[in-house]
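**Q** Questions regarding the structure given below will be posed in turn.
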Amino acid sequence: MTLGLLIWKNLWRRRTRSLLTVAGVAVGVASGVAMAGIAKGYEQSLARVYAARGADLIITRLSNHKRVPTTYFEQARASDIAALPGVQAVAGVVWVMLNVEEESIPVLVEGWEPGSFLWDHLKLRAGSVTNGPGDADCIYLGVMCAEMLKKKVGDTVRMESRALRVAGIFESNSMFENGSTLLPLPLLQSILGNEGKINFLNVRLAPEITAGQVDKLRQTIQGRFRGLKAFQAEEIAQNSIGLQAAKAMCLAATSIALLIGALGMMNTLLMSVFERTSEIGLLMAVGWRRRRVVAMILLESVILSLAGAAGGVLTGIIGVRIMQTMGFMQGRIAGEFSLGLIGTAFAVAALLGMLGGIYPAARAASMSPSAALRSE
Amino acid sequence: MSAETILALQGVRRVFDGGRVVALQGVDLAIQAGDFVALVGPSGCGKSTLLHLLGALDEPDAGEVRFGGAKLVGTAVRSRCRARNIGFVFQSFHLLPTLTALENVQIPMFEMPWSSGERQCRAESLLREVGLEARLHHRPSELSGGERQRVAAARSLANQPQVILADEPTGNLDSASAARVLDLLASFHRERGLTLVVATHDPDVAGRASRRITMRDGRILTDTPSLP
Ligand SMILES: Nc1ncnc2c1ncn2[C@@H]1O[C@H](COP(=O)(O)OP(=O)(O)OP(=O)(O)O)[C@@H](O)[C@H]1O
Ligand SMILES: [Mg+2]
């Protein structure tokens, strides 16, 4: 017989209680994995938006906290920046969340500068995307957005009291764009009453530009145009204030769930130590060192928490995969589960198992063998 | 010939409940290697307390306990002494309920430098020795009281101790099972030369011992060699 078998039998003896403890840990781990996976997926989708468009730098104007979304700035900056060395093309963008039709959830609405490179990557599904100034009052819907609004080409969509005609339905390889509504920039500016202003400038760099030259270009932009900042695609996601807040909330919620799981673990082990007092007395009577008793209890708790981690990781991933196909979440979330995330989940669970097991193990090891044997 | 002293108590006192209960006081005792000692006396006179001190399960409040001349001070020293030198048999068996007979006998062996294969092999031969070769894979709940106590007896030999301490080993058994367990313990003493100390109310057990210690109110009243 091995110590492992003994531990297994100890846990299996109270299988319902062990499984409930595992479930408690699994809930914490699952919520953590799901939320972190969704946040990561969001971050990557955001980065992918720019990759799909072929935008290398994104220029915005920072309000106080160096965070996106940002305040508007003069569209006239576009031509100044286009003239800088290393810049191949620029495209002004307005990016807002608006309530469209009767939908209660705001939809991403973008205005793109007519004729700019942004339009090139869209795949047309129905109607036409003119890649130009467009007919008056024409809008284009991403496939997901069209599905959600239940609109087809020729239908009318109400936006801020304006009736707009759906001229085309498009698909891109970015989840965000597929869920968005697209307008020619001047039309969106006039709808918002914000003529001549943009809040993003997408920049395509010359293909032969080096990393060093990119850094220099960014510094030039930030030096010459006060308040503007040039991000690379990955950085946009990392600096998003919404994403930061969401991550902080996820972390808080996950910590609470994990804490509850750890307390459940401690409770279970403490109960099991107390009800096994005379057995632990026997182990010590036959000469088991305290260290071995401690190891046994700690291993019991670590095994429970690792089982919880395994269950939680699976539940978290499967849960997000299911949510992705459901109702309004469809097209709005995309879980991204890296090995690093899964490894972290297991490491955190093992740590919690240790923490939850230390006190019960110490209680067990501090028993006097004589008193423990008499406790029957 | 005088055999060497293996276990010795000197001026031992043990109290409970902050001194309100005096379980043992002024106890001096020397047990020779190879002795078969019966510890008798009325309930509550301190037999179990004395046995726990002899077996390094407990510490005296005053006086000292020695095993083979070495003082038993500190938890590490005591647990090492228990693992290497002392086997226990208790009235209520103290088998782990989820483990089979074979596994229960291996429990003390974790403290020895033996592989799991060696542990298993040894446990099997010990269970054969106590006549339980057909019950290796039974759990305690599937064994009779007498069989459980024989598993416990086999376990007490696990690490080849020099001393077996038994606290009312026949107290929970019918007379036939009791006789069998007693025969077994006596054979350990006779054939292996083990030192055996048995606390008991059972006159049969006391009758087979080579030395009888009678206790009363936490003191040793008489200490006499039995007739051979
Ligand atoms: N942990 C304890 N706390 C308080 N009192 C104790 C404790 N252990 C033993 N005692 C007391 O010490 C005295 C001796 O107890 P002990 O168990 O040694 O008696 P015993 O001779 O073994 O009795 P029995 O024949 O009934 O087993 C008793 O009065 C008992 O109540
Ligand atoms: Mg007793």
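Chain identifiers are assigned as A, B, and so on, following the order in which chains appear in the structure tokens; residues are numbered from 1 within each chain, and ligands are numbered from 1 in order of appearance.
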Please, which residues have at least one atom within 7 Å of an atom of ligand 1, using only C-alpha atoms and all ligand atoms, listed as a list in words?

**A**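 These are the residues that qualify: Ala371 of chain A; Phe16, Asp17, Val21, Val22, Ala23, Gly41, Pro42, Ser43, Gly44, Cys45, Gly46, Lys47, Ser48, Thr49, Leu50 and Gly218 of chain B.
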
**Q** Using only C-alpha atoms, select each residue of chain B with any atom at most 8 Å away from an atom of chain A, and give the selection as a ChimeraX atom specification.

**A** /B:52,57-58,76,79-84,86-88,94-96,98-99,103,106-108,110-111,116,119-120

**Q** What's the separation between atom CA of Pro60 of chain B and atom CA of Ala199 of chain B, in Å to one decimal place?

**A** 18.5 Å

**Q** Could you pull the residues within 8 Å of segment 97-107 of chain A, counting only C-alpha atoms, minus those fewer than 6 positions along the same chain, as a CSV table (one decimal) with N, CA and C atoms, in the first residue's frame?

**A**
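As a result, out_7.csv now contains:
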```
chain,number,residue,atom,x,y,z
A,149,LEU,N,-30.5,42.4,-35.5
A,149,LEU,CA,-31.5,43.4,-35.8
A,149,LEU,C,-32.6,42.8,-36.7
A,157,VAL,N,-33.3,51.2,-41.0
A,157,VAL,CA,-32.9,51.1,-39.6
A,157,VAL,C,-32.9,52.5,-39.0
A,158,ARG,N,-33.5,52.6,-37.8
A,158,ARG,CA,-33.5,53.9,-37.1
A,158,ARG,C,-32.4,54.1,-36.2
A,159,MET,N,-31.7,55.2,-36.4
A,159,MET,CA,-30.6,55.5,-35.5
A,159,MET,C,-30.6,57.0,-35.1
A,160,GLU,N,-30.7,57.3,-33.8
A,160,GLU,CA,-30.8,58.7,-33.4
A,160,GLU,C,-31.9,59.5,-34.2
A,179,GLY,N,-20.3,42.3,-35.6
A,179,GLY,CA,-21.4,42.7,-34.8
A,179,GLY,C,-21.7,44.2,-34.9
A,180,SER,N,-21.1,44.9,-35.8
A,180,SER,CA,-21.2,46.4,-35.8
A,180,SER,C,-22.0,46.9,-37.0
A,181,THR,N,-22.3,48.2,-36.9
A,181,THR,CA,-23.0,48.9,-38.0
A,181,THR,C,-22.0,49.9,-38.5
```

**Q** From a DSSP calculation on the backbone, collect every residue of segment 161-368 of chain A in strand (DSSP E) and output the set as a list in words.

**A**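 Residues meeting the strand (DSSP E) criterion: Arg162, Ala163, Leu164, Arg165, Val166, Ala167, Gly168, Ile169, Phe170, Glu171, Thr181, Leu182, Leu183, Pro184, Lys197, Ile198, Phe200, Leu201, Asn202, Val203, Arg204, Leu205, Leu228, Lys229, Ala230, Phe231 and Gln232 of chain A.
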
**Q** Which residue is closest to Thr220 of chain A? Choose from A:Asp80, A:Leu20, A:Leu298, A:Val49 and count only C-alpha atoms.

**A**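 Smallest separation from Thr220 of chain A among the options: A:Asp80.
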
**Q** Pick out the closest residue to ligand 2 from this set: B:Pro169, B:Gly63, B:Gly34, B:Pro140. Count only C-alpha atoms and all ligand atoms.

**A**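 Between B:Pro169, B:Gly63, B:Gly34, B:Pro140, the residue approaching ligand 2 most closely is B:Pro169.
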
**Q** Would you return as a PyMOL selection string the members of segment 73-155 of chain B that DSSP assigns to alpha helix (DSSP H) on this structure's backbone?

**A** chain B and resi 75-85+101-106+116-129+145-155

**Q** So, counting only C-alpha atoms, which residue among B:Val12, B:Leu126, B:Ala158, B:Leu173 is closest to Asp202 of chain B?

**A**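 Residue with the minimum atom-to-atom distance to Asp202 of chain B: B:Leu173.
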
**Q** Quick one: pull the distance between atom CA of Phe337 of chain A and atom CA of Gly312 of chain A, Å, one decimal.

**A**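 Pair atom CA of Phe337 of chain A / atom CA of Gly312 of chain A returns 12.9 Å.
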
**Q** Tell me, as number ranges by chain, which residues lie within 10 Å of Leu182 of chain B, counting only C-alpha atoms; anything in the same chain fewer than 3 positions away does not count.

**A** B: 150, 169-170, 176-179, 185-188, 204-205, 208

**Q** For Gly316 of chain A, please output as a PyMOL selection string all residues within 7 Å (counting only C-alpha atoms; exclusion window: fewer than 5 positions along the same chain).

**A** chain A and resi 30-31+33-34

**Q** Write the residues of the selection above to a file with C-alpha atoms, as a compact mmCIF listing (two decimals), in the first residue's frame.

**A**
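Just written: out29.txt:
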```
# COMPACT_ATOMS: atom_id res chain seq x y z
CA ALA A 30 -14.71 28.02 -13.48
CA SER A 31 -15.79 31.61 -13.00
CA VAL A 33 -11.29 30.81 -16.09
CA ALA A 34 -14.44 31.92 -17.92
```

**Q** What's around Phe90 of chain B at 8 Å? Count only C-alpha atoms, leave out sequence neighbours fewer than 5 positions away in its own chain, and write the answer as JSON, numbers by chain.

**A** {"B": [152, 166, 167, 168, 169]}
